[in-house]
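Quick look at final.pdb (PDB, C-alpha atoms):
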ATOM      1  CA  ASP B 153      15.850 -10.263 -31.788  1.00  0.00           C
ATOM      2  CA  THR B 154      15.136 -12.915 -29.158  1.00  0.00           C
ATOM      3  CA  GLY B 155      12.956 -15.055 -31.422  1.00  0.00           C
ATOM      4  CA  VAL B 156       9.756 -14.210 -29.537  1.00  0.00           C
ATOM      5  CA  SER B 157       7.389 -12.173 -31.686  1.00  0.00           C
ATOM      6  CA  GLN B 158       4.491 -10.067 -30.466  1.00  0.00           C
ATOM      7  CA  ASN B 159       1.818  -8.373 -32.534  1.00  0.00           C
ATOM      8  CA  PRO B 160       0.765  -5.673 -32.723  1.00  0.00           C
ATOM      9  CA  ARG B 161       3.554  -3.550 -31.238  1.00  0.00           C
ATOM     10  CA  HIS B 162       1.134  -0.748 -30.417  1.00  0.00           C
ATOM     11  CA  LYS B 163      -2.614  -0.659 -29.960  1.00  0.00           C
ATOM     12  CA  ILE B 164      -4.840   2.315 -29.229  1.00  0.00           C
ATOM     13  CA  THR B 165      -8.422   1.498 -28.400  1.00  0.00           C
ATOM     14  CA  LYS B 166     -11.458   3.191 -27.000  1.00  0.00           C
ATOM     15  CA  ARG B 167     -12.687   2.295 -23.539  1.00  0.00           C
ATOM     16  CA  GLY B 168     -15.132  -0.571 -23.676  1.00  0.00           C
ATOM     17  CA  GLN B 169     -13.696  -2.169 -26.790  1.00  0.00           C
ATOM     18  CA  ASN B 170     -12.169  -5.649 -26.910  1.00  0.00           C
ATOM     19  CA  VAL B 171      -8.554  -6.175 -27.917  1.00  0.00           C
ATOM     20  CA  THR B 172      -6.506  -9.267 -28.724  1.00  0.00           C
ATOM     21  CA  PHE B 173      -2.741  -9.631 -28.725  1.00  0.00           C
ATOM     22  CA  ARG B 174      -0.718 -12.427 -30.255  1.00  0.00           C
ATOM     23  CA  CYS B 175       2.563 -13.996 -29.157  1.00  0.00           C
ATOM     24  CA  ASP B 176       4.677 -16.399 -31.192  1.00  0.00           C
ATOM     25  CA  PRO B 177       7.264 -18.028 -28.911  1.00  0.00           C
ATOM     26  CA  ILE B 178      10.515 -19.724 -29.843  1.00  0.00           C
ATOM     27  CA  SER B 179       9.373 -22.888 -31.590  1.00  0.00           C
ATOM     28  CA  GLU B 180      10.840 -25.524 -29.279  1.00  0.00           C
ATOM     29  CA  HIS B 181       9.809 -23.723 -26.092  1.00  0.00           C
ATOM     30  CA  ASN B 182       7.141 -25.461 -24.032  1.00  0.00           C
ATOM     31  CA  ARG B 183       6.466 -22.695 -21.546  1.00  0.00           C
ATOM     32  CA  LEU B 184       4.879 -19.371 -22.411  1.00  0.00           C
ATOM     33  CA  TYR B 185       4.287 -16.451 -20.046  1.00  0.00           C
ATOM     34  CA  TRP B 186       2.263 -13.264 -20.171  1.00  0.00           C
ATOM     35  CA  TYR B 187       3.263 -10.229 -18.102  1.00  0.00           C
ATOM     36  CA  ARG B 188       1.970  -6.694 -17.765  1.00  0.00           C
ATOM     37  CA  GLN B 189       4.261  -3.745 -17.158  1.00  0.00           C
ATOM     38  CA  THR B 190       3.331  -0.181 -16.248  1.00  0.00           C
ATOM     39  CA  LEU B 191       5.668   2.800 -16.364  1.00  0.00           C
ATOM     40  CA  GLY B 192       8.473   2.655 -13.828  1.00  0.00           C
ATOM     41  CA  GLN B 193       7.568  -0.809 -12.575  1.00  0.00           C
ATOM     42  CA  GLY B 194       8.899  -4.273 -13.205  1.00  0.00           C
ATOM     43  CA  PRO B 195       6.817  -6.814 -15.116  1.00  0.00           C
ATOM     44  CA  GLU B 196       3.853  -8.303 -13.249  1.00  0.00           C
ATOM     45  CA  PHE B 197       3.071 -11.946 -13.872  1.00  0.00           C
ATOM     46  CA  LEU B 198      -0.339 -12.624 -15.426  1.00  0.00           C
ATOM     47  CA  THR B 199      -0.393 -16.258 -16.502  1.00  0.00           C
ATOM     48  CA  TYR B 200       1.646 -19.050 -17.998  1.00  0.00           C
ATOM     49  CA  PHE B 201       1.175 -22.109 -20.176  1.00  0.00           C
ATOM     50  CA  GLN B 202       3.003 -25.409 -20.243  1.00  0.00           C
ATOM     51  CA  ASN B 203       2.341 -26.490 -23.816  1.00  0.00           C
ATOM     52  CA  GLU B 204      -1.412 -25.906 -24.287  1.00  0.00           C
ATOM     53  CA  ALA B 205      -2.305 -26.126 -20.590  1.00  0.00           C
ATOM     54  CA  GLN B 206      -2.791 -22.900 -18.659  1.00  0.00           C
ATOM     55  CA  LEU B 207      -1.218 -23.810 -15.322  1.00  0.00           C
ATOM     56  CA  GLU B 208      -1.341 -20.620 -13.305  1.00  0.00           C
ATOM     57  CA  LYS B 209      -3.225 -17.348 -13.361  1.00  0.00           C
ATOM     58  CA  SER B 210      -2.455 -14.305 -11.265  1.00  0.00           C
ATOM     59  CA  ARG B 211      -5.198 -12.620  -9.277  1.00  0.00           C
ATOM     60  CA  LEU B 212      -4.398  -9.633 -11.516  1.00  0.00           C
ATOM     61  CA  LEU B 213      -6.063 -11.539 -14.337  1.00  0.00           C
ATOM     62  CA  SER B 214      -9.663 -10.429 -13.918  1.00  0.00           C
ATOM     63  CA  ASP B 215     -12.552 -12.130 -15.697  1.00  0.00           C
ATOM     64  CA  ARG B 216     -12.176  -9.587 -18.508  1.00  0.00           C
ATOM     65  CA  PHE B 217      -8.851 -11.172 -19.409  1.00  0.00           C
ATOM     66  CA  SER B 218      -8.498 -14.501 -21.163  1.00  0.00           C
ATOM     67  CA  ALA B 219      -5.498 -16.240 -22.622  1.00  0.00           C
ATOM     68  CA  GLU B 220      -5.258 -19.242 -24.885  1.00  0.00           C
ATOM     69  CA  ARG B 221      -2.567 -21.380 -26.402  1.00  0.00           C
ATOM     70  CA  PRO B 222      -4.649 -23.751 -28.494  1.00  0.00           C
ATOM     71  CA  LYS B 223      -2.013 -25.975 -30.043  1.00  0.00           C
ATOM     72  CA  GLY B 224       0.828 -25.326 -27.688  1.00  0.00           C
ATOM     73  CA  SER B 225       2.447 -22.936 -30.131  1.00  0.00           C
ATOM     74  CA  PHE B 226       1.302 -19.302 -30.411  1.00  0.00           C
ATOM     75  CA  SER B 227      -0.792 -17.666 -27.719  1.00  0.00           C
ATOM     76  CA  THR B 228      -3.407 -14.931 -27.613  1.00  0.00           C
ATOM     77  CA  LEU B 229      -4.336 -12.592 -24.784  1.00  0.00           C
ATOM     78  CA  GLU B 230      -7.770 -10.986 -25.029  1.00  0.00           C
ATOM     79  CA  ILE B 231      -9.031  -8.109 -22.919  1.00  0.00           C
ATOM     80  CA  GLN B 232     -12.773  -7.505 -23.026  1.00  0.00           C
ATOM     81  CA  ARG B 233     -14.461  -4.193 -22.223  1.00  0.00           C
ATOM     82  CA  THR B 234     -11.140  -2.387 -21.880  1.00  0.00           C
ATOM     83  CA  GLU B 235     -10.681   0.202 -19.136  1.00  0.00           C
ATOM     84  CA  GLN B 236      -8.174   3.041 -18.911  1.00  0.00           C
ATOM     85  CA  GLY B 237      -6.395   1.139 -16.157  1.00  0.00           C
ATOM     86  CA  ASP B 238      -5.578  -1.592 -18.678  1.00  0.00           C
ATOM     87  CA  SER B 239      -3.147   0.780 -20.421  1.00  0.00           C
ATOM     88  CA  ALA B 240       0.242  -0.889 -20.110  1.00  0.00           C
ATOM     89  CA  MET B 241       2.907  -2.851 -21.941  1.00  0.00           C
ATOM     90  CA  TYR B 242       1.930  -6.501 -22.331  1.00  0.00           C
ATOM     91  CA  LEU B 243       4.965  -8.758 -22.523  1.00  0.00           C
ATOM     92  CA  CYS B 244       5.189 -12.341 -23.664  1.00  0.00           C
ATOM     93  CA  ALA B 245       8.090 -14.633 -22.820  1.00  0.00           C
ATOM     94  CA  SER B 246       8.938 -18.237 -23.519  1.00  0.00           C
ATOM     95  CA  SER B 247      11.286 -20.808 -22.029  1.00  0.00           C
ATOM     96  CA  LEU B 248      12.154 -24.433 -22.593  1.00  0.00           C
ATOM     97  CA  GLY B 249      10.080 -25.362 -19.561  1.00  0.00           C
ATOM     98  CA  THR B 250      11.343 -28.882 -19.056  1.00  0.00           C
ATOM     99  CA  GLY B 251      11.060 -28.502 -15.305  1.00  0.00           C
ATOM    100  CA  SER B 252      14.769 -28.078 -14.716  1.00  0.00           C
ATOM    101  CA  ILE B 253      15.955 -24.827 -13.200  1.00  0.00           C
ATOM    102  CA  ARG B 254      18.505 -24.655 -16.000  1.00  0.00           C
ATOM    103  CA  ASP B 255      15.655 -24.267 -18.458  1.00  0.00           C
ATOM    104  CA  THR B 256      13.970 -21.316 -16.823  1.00  0.00           C
ATOM    105  CA  GLU B 257      15.852 -18.626 -18.751  1.00  0.00           C
ATOM    106  CA  ALA B 258      13.002 -16.663 -20.291  1.00  0.00           C
ATOM    107  CA  PHE B 259      13.213 -14.948 -23.668  1.00  0.00           C
ATOM    108  CA  PHE B 260      10.983 -11.906 -23.979  1.00  0.00           C
ATOM    109  CA  GLY B 261       9.290 -10.320 -26.945  1.00  0.00           C
ATOM    110  CA  GLN B 262       9.267  -6.577 -27.575  1.00  0.00           C
ATOM    111  CA  GLY B 263       5.833  -6.252 -26.046  1.00  0.00           C
ATOM    112  CA  THR B 264       2.531  -4.752 -27.120  1.00  0.00           C
ATOM    113  CA  ARG B 265       1.864  -1.278 -25.796  1.00  0.00           C
ATOM    114  CA  LEU B 266      -1.844  -0.787 -25.154  1.00  0.00           C
ATOM    115  CA  THR B 267      -3.355   2.662 -24.738  1.00  0.00           C
ATOM    116  CA  VAL B 268      -7.005   2.869 -23.757  1.00  0.00           C
ATOM    117  CA  VAL B 269      -8.554   6.281 -24.426  1.00  0.00           C
TER     118      VAL B 269
ATOM    119  CA  ASP Z1372       5.798  -9.195  -3.475  1.00  0.00           C
ATOM    120  CA  ALA Z1373       9.365  -8.953  -4.708  1.00  0.00           C
ATOM    121  CA  LYS Z1374      11.878 -10.650  -2.466  1.00  0.00           C
ATOM    122  CA  THR Z1375      14.746  -8.343  -3.392  1.00  0.00           C
ATOM    123  CA  THR Z1376      15.890  -4.808  -2.598  1.00  0.00           C
ATOM    124  CA  GLN Z1377      17.912  -2.759  -5.073  1.00  0.00           C
ATOM    125  CA  PRO Z1378      18.983   0.898  -5.255  1.00  0.00           C
ATOM    126  CA  THR Z1379      16.665   2.940  -7.410  1.00  0.00           C
ATOM    127  CA  SER Z1380      19.419   4.309  -9.621  1.00  0.00           C
ATOM    128  CA  MET Z1381      23.181   4.307 -10.141  1.00  0.00           C
ATOM    129  CA  ASP Z1382      25.718   6.024 -12.383  1.00  0.00           C
ATOM    130  CA  CYS Z1383      28.901   4.546 -13.806  1.00  0.00           C
ATOM    131  CA  ALA Z1384      31.602   5.960 -16.072  1.00  0.00           C
ATOM    132  CA  GLU Z1385      32.035   4.372 -19.469  1.00  0.00           C
ATOM    133  CA  GLY Z1386      34.829   1.788 -19.468  1.00  0.00           C
ATOM    134  CA  ARG Z1387      34.677   1.234 -15.716  1.00  0.00           C
ATOM    135  CA  ALA Z1388      33.199  -1.756 -13.928  1.00  0.00           C
ATOM    136  CA  ALA Z1389      29.564  -1.348 -12.923  1.00  0.00           C
ATOM    137  CA  ASN Z1390      28.740  -3.067  -9.635  1.00  0.00           C
ATOM    138  CA  LEU Z1391      25.029  -3.471  -8.978  1.00  0.00           C
ATOM    139  CA  PRO Z1392      24.065  -4.638  -5.487  1.00  0.00           C
ATOM    140  CA  CYS Z1393      20.992  -6.615  -4.486  1.00  0.00           C
ATOM    141  CA  ASN Z1394      19.706  -7.703  -1.091  1.00  0.00           C
ATOM    142  CA  HIS Z1395      17.667 -10.872  -0.758  1.00  0.00           C
ATOM    143  CA  SER Z1396      17.834 -11.571   2.954  1.00  0.00           C
ATOM    144  CA  THR Z1397      14.808 -13.898   2.992  1.00  0.00           C
ATOM    145  CA  ILE Z1398      16.050 -16.177   0.232  1.00  0.00           C
ATOM    146  CA  SER Z1399      15.587 -19.872   0.944  1.00  0.00           C
ATOM    147  CA  GLY Z1400      17.981 -22.682   0.203  1.00  0.00           C
ATOM    148  CA  ASN Z1401      16.586 -23.778  -3.135  1.00  0.00           C
ATOM    149  CA  GLU Z1402      15.810 -20.353  -4.612  1.00  0.00           C
ATOM    150  CA  TYR Z1403      17.947 -18.983  -7.404  1.00  0.00           C
ATOM    151  CA  VAL Z1404      18.974 -15.396  -8.038  1.00  0.00           C
ATOM    152  CA  TYR Z1405      18.381 -14.150 -11.587  1.00  0.00           C
ATOM    153  CA  TRP Z1406      19.437 -10.920 -13.238  1.00  0.00           C
ATOM    154  CA  TYR Z1407      17.669  -9.414 -16.223  1.00  0.00           C
ATOM    155  CA  ARG Z1408      17.976  -6.013 -17.802  1.00  0.00           C
ATOM    156  CA  GLN Z1409      15.567  -3.916 -19.811  1.00  0.00           C
ATOM    157  CA  ILE Z1410      16.733  -1.335 -22.281  1.00  0.00           C
ATOM    158  CA  HIS Z1411      14.227   1.422 -22.927  1.00  0.00           C
ATOM    159  CA  SER Z1412      11.218   0.305 -24.983  1.00  0.00           C
ATOM    160  CA  GLN Z1413      12.424  -3.275 -25.262  1.00  0.00           C
ATOM    161  CA  GLY Z1414      11.524  -6.511 -23.523  1.00  0.00           C
ATOM    162  CA  PRO Z1415      13.704  -7.729 -20.636  1.00  0.00           C
ATOM    163  CA  GLN Z1416      16.906  -9.599 -21.501  1.00  0.00           C
ATOM    164  CA  TYR Z1417      18.356 -12.444 -19.447  1.00  0.00           C
ATOM    165  CA  ILE Z1418      21.856 -11.795 -18.086  1.00  0.00           C
ATOM    166  CA  ILE Z1419      22.855 -14.482 -15.614  1.00  0.00           C
ATOM    167  CA  HIS Z1420      21.624 -16.595 -12.701  1.00  0.00           C
ATOM    168  CA  GLY Z1421      23.132 -18.482  -9.791  1.00  0.00           C
ATOM    169  CA  LEU Z1422      22.414 -20.474  -6.650  1.00  0.00           C
ATOM    170  CA  LYS Z1423      25.420 -20.142  -4.334  1.00  0.00           C
ATOM    171  CA  ASN Z1424      28.561 -20.232  -6.444  1.00  0.00           C
ATOM    172  CA  ASN Z1425      29.843 -17.216  -8.295  1.00  0.00           C
ATOM    173  CA  GLU Z1426      28.988 -17.283 -11.981  1.00  0.00           C
ATOM    174  CA  THR Z1427      30.483 -15.644 -15.057  1.00  0.00           C
ATOM    175  CA  ASN Z1428      29.390 -15.484 -18.657  1.00  0.00           C
ATOM    176  CA  GLU Z1429      30.105 -13.292 -21.651  1.00  0.00           C
ATOM    177  CA  MET Z1430      27.901 -10.512 -20.332  1.00  0.00           C
ATOM    178  CA  ALA Z1431      28.600 -10.297 -16.625  1.00  0.00           C
ATOM    179  CA  SER Z1432      29.728 -11.853 -13.365  1.00  0.00           C
ATOM    180  CA  LEU Z1433      27.484 -12.685 -10.426  1.00  0.00           C
ATOM    181  CA  ILE Z1434      28.966 -12.672  -6.939  1.00  0.00           C
ATOM    182  CA  ILE Z1435      26.759 -14.228  -4.239  1.00  0.00           C
ATOM    183  CA  THR Z1436      27.724 -13.856  -0.585  1.00  0.00           C
ATOM    184  CA  GLU Z1437      28.352 -16.988   1.434  1.00  0.00           C
ATOM    185  CA  ASP Z1438      25.165 -16.506   3.459  1.00  0.00           C
ATOM    186  CA  ARG Z1439      23.291 -15.871   0.166  1.00  0.00           C
ATOM    187  CA  LYS Z1440      21.575 -12.814   1.583  1.00  0.00           C
ATOM    188  CA  SER Z1441      22.990 -10.497  -1.050  1.00  0.00           C
ATOM    189  CA  SER Z1442      24.607 -10.517  -4.449  1.00  0.00           C
ATOM    190  CA  THR Z1443      26.389  -8.194  -6.854  1.00  0.00           C
ATOM    191  CA  LEU Z1444      26.158  -8.097 -10.617  1.00  0.00           C
ATOM    192  CA  ILE Z1445      29.368  -6.899 -12.233  1.00  0.00           C
ATOM    193  CA  LEU Z1446      29.568  -5.517 -15.746  1.00  0.00           C
ATOM    194  CA  PRO Z1447      33.362  -5.463 -16.190  1.00  0.00           C
ATOM    195  CA  HIS Z1448      33.709  -2.723 -18.808  1.00  0.00           C
ATOM    196  CA  ALA Z1449      30.505  -0.746 -19.047  1.00  0.00           C
ATOM    197  CA  THR Z1450      29.548   0.825 -22.359  1.00  0.00           C
ATOM    198  CA  LEU Z1451      26.854   3.361 -23.176  1.00  0.00           C
ATOM    199  CA  ARG Z1452      24.701   0.503 -24.471  1.00  0.00           C
ATOM    200  CA  ASP Z1453      24.598  -0.965 -20.976  1.00  0.00           C
ATOM    201  CA  THR Z1454      22.342   1.891 -19.862  1.00  0.00           C
ATOM    202  CA  ALA Z1455      19.189   0.065 -18.763  1.00  0.00           C
ATOM    203  CA  VAL Z1456      17.061  -0.992 -15.802  1.00  0.00           C
ATOM    204  CA  TYR Z1457      18.629  -4.006 -14.103  1.00  0.00           C
ATOM    205  CA  TYR Z1458      16.368  -6.417 -12.225  1.00  0.00           C
ATOM    206  CA  CYS Z1459      17.543  -8.753  -9.483  1.00  0.00           C
ATOM    207  CA  ILE Z1460      14.978 -11.515  -9.055  1.00  0.00           C
ATOM    208  CA  VAL Z1461      14.537 -14.457  -6.742  1.00  0.00           C
ATOM    209  CA  THR Z1462      12.418 -17.277  -8.094  1.00  0.00           C
ATOM    210  CA  ASP Z1463       9.517 -18.702  -6.150  1.00  0.00           C
ATOM    211  CA  SER Z1464       8.953 -22.405  -5.536  1.00  0.00           C
ATOM    212  CA  ASN Z1465       7.372 -22.784  -8.984  1.00  0.00           C
ATOM    213  CA  TYR Z1466      10.419 -21.178 -10.634  1.00  0.00           C
ATOM    214  CA  GLN Z1467       8.319 -18.065 -11.304  1.00  0.00           C
ATOM    215  CA  LEU Z1468      10.190 -14.793 -11.495  1.00  0.00           C
ATOM    216  CA  ILE Z1469       8.956 -12.198  -9.001  1.00  0.00           C
ATOM    217  CA  TRP Z1470      10.065  -8.768 -10.245  1.00  0.00           C
ATOM    218  CA  GLY Z1471      10.751  -5.601  -8.290  1.00  0.00           C
ATOM    219  CA  ALA Z1472      11.308  -2.101  -9.687  1.00  0.00           C
ATOM    220  CA  GLY Z1473      14.992  -2.662 -10.491  1.00  0.00           C
ATOM    221  CA  THR Z1474      17.996  -0.330 -10.608  1.00  0.00           C
ATOM    222  CA  LYS Z1475      18.241   2.260 -13.352  1.00  0.00           C
ATOM    223  CA  LEU Z1476      21.891   2.185 -14.422  1.00  0.00           C
ATOM    224  CA  ILE Z1477      23.149   5.173 -16.378  1.00  0.00           C
ATOM    225  CA  ILE Z1478      26.517   4.872 -18.096  1.00  0.00           C
ATOM    226  CA  LYS Z1479      28.126   8.273 -18.575  1.00  0.00           C
ATOM    227  CA  PRO Z1480      30.723   9.097 -21.244  1.00  0.00           C
TER     228      PRO Z1480
END

How does the structure come out when it is put into structure tokens?
Amino acid sequence: DTGVSQNPRHKITKRGQNVTFRCDPISEHNRLYWYRQTLGQGPEFLTYFQNEAQLEKSRLLSDRFSAERPKGSFSTLEIQRTEQGDSAMYLCASSLGTGSIRDTEAFFGQGTRLTVV
Amino acid sequence: DAKTTQPTSMDCAEGRAANLPCNHSTISGNEYVYWYRQIHSQGPQYIIHGLKNNETNEMASLIITEDRKSSTLILPHATLRDTAVYYCIVTDSNYQLIWGAGTKLIIKP
């Protein structure tokens, strides 16, 4: 257990439905990341937060995707009008994020596996 | 795009040292090399990172060539639980990790 918690672990949804995932990072970690991973590939960066500020978004993050970290603690990732191509593992990670390279070790959650049918 | 090249898969006998190579010929002077691994159905796990000096911790050793264009992760006494996908990653200027497809390491009894 890395201390990063993701819920739910699995989600099956029908195409066109909205889904929301939650990530609870390690409590003292300022930086929080979202990644997407498909079978046989490494994680693909989606977005990250420094405290409550969303500092970077990948071009992979279409307008159907939105992420929030309202109080700089937990984060949610919402996908609207899901498509079959959204089926993937969604990973959350956190790090101290003080700006020093020594603090960039990221701790990952177990992920949420989304299946869109 | 990932800045590293790794073999797709490797085998190693249990109890032997597993040596995982990685090429990063375009690495720049201030970019670090990170290694993570991912055991099936789990999130990635940090192993080690380095800039230009060799590094060792309780999990592994990282050997970086003098020109920094390649590195080797060494698991000194591989066990069956070390079977995983191992990712060699070079950070970008924002310290973001850019992931490739990794090496699938299979430890055989």

**OP:** For Z:Thr1375, please output as a PyMOL selection string all residues within 10 Å (counting all atoms listed in the file; exclusion window: fewer than 3 positions along the same chain).
**Re:** chain Z and resi 1372+1393-1398+1404+1440-1441+1458-1461+1469-1473

**OP:** Could you give me, as a ChimeraX atom specification, the residues within 8 Å of stretch 211-214 of chain B, counting only C-alpha atoms and dropping anything in the same chain fewer than 2 positions from it?
**Re:** /B:198-199,209,216-218

Subject >> Hits from the ChimeraX specification (/Z :<10) & /B, listed as an NGL selection string >> reply: :B and (154 or 156 or 185 or 192-197 or 200 or 208 or 241-245 or 249 or 251-265)

Original post:
For B:Gln158, which residue among B:Glu204, B:Leu229, B:Gly237, B:Val269 is the nearest when counting only C-alpha atoms?
Top reply: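 Among B:Glu204, B:Leu229, B:Gly237, B:Val269, it is B:Leu229 that comes nearest to B:Gln158.
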
Original post:
Could you work out how far atom CA of B:Ser239 lies from atom CA of B:Asn170, giving the answer in Å with one decimal?
Top reply: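 Between these atoms lies a distance of 12.8 Å.
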
Original post:
atom CA of Z:Thr1450 and atom CA of Z:Asn1425 are how many Å apart?
Top reply: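 Going from atom CA of Z:Thr1450 over to atom CA of Z:Asn1425, I get 22.9 Å.
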
Original post:
Could you write out as number ranges by chain the residues that the PyMOL selection byres ((chain B and resi 173) around 6) matches in the shown file?
Top reply: B: 172, 174, 228-229

**OP:** Extract, using all atoms listed in the file, all DNA, RNA and protein residues at most 7 Å from Z:Ser1442, discarding same-chain residues fewer than 4 positions from it, and format them as number ranges by chain.
**Re:** Z: 1392-1394, 1433-1436

Subject >> d(atom CA of Z:Glu1437, atom CA of Z:Lys1423) in Å >> reply: 7.2 Å

**OP:** Using only C-alpha atoms, collect all residues at a distance of at most 10 Å from (28.3, -1.3, -20.5) as written in the file, then present them as a ChimeraX atom specification.
**Re:** /Z:1383-1389,1430-1431,1446-1455,1476-1479

**OP:** Evaluate the PyMOL selection byres ((chain B and resi 179) around 10) here and jot the selected residues down as a list in words.
**Re:** Gly155, Val156, Asp176, Pro177, Ile178, Glu180, His181, Asn182, Gly224, Ser225, Phe226, Ser246, Ser247 and Leu248 of chain B

Could you work out an axis-aligned box for stretch 208-215 of chain B, taking every atom the file lists and adding 4 Å on each side, and report centre and edge lengths in Å to one decimal, as JSON?
{"center_x": -6.9, "center_y": -15.1, "center_z": -12.5, "size_x": 19.2, "size_y": 19.0, "size_z": 14.4}

**OP:** Could you tell me which of Z:Thr1474, Z:Pro1480, Z:Asn1424, Z:Glu1429 comes closest to Z:Ser1380 if we count only C-alpha atoms?
**Re:**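 For Z:Ser1380, the nearest of the candidates is Z:Thr1474.
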
Subject >> Residues near B:Ser227, cut-off 8 Å, only C-alpha atoms, skip fewer than 5 positions along chain, as a ChimeraX atom specification >> reply: /B:174-176,184,219-222
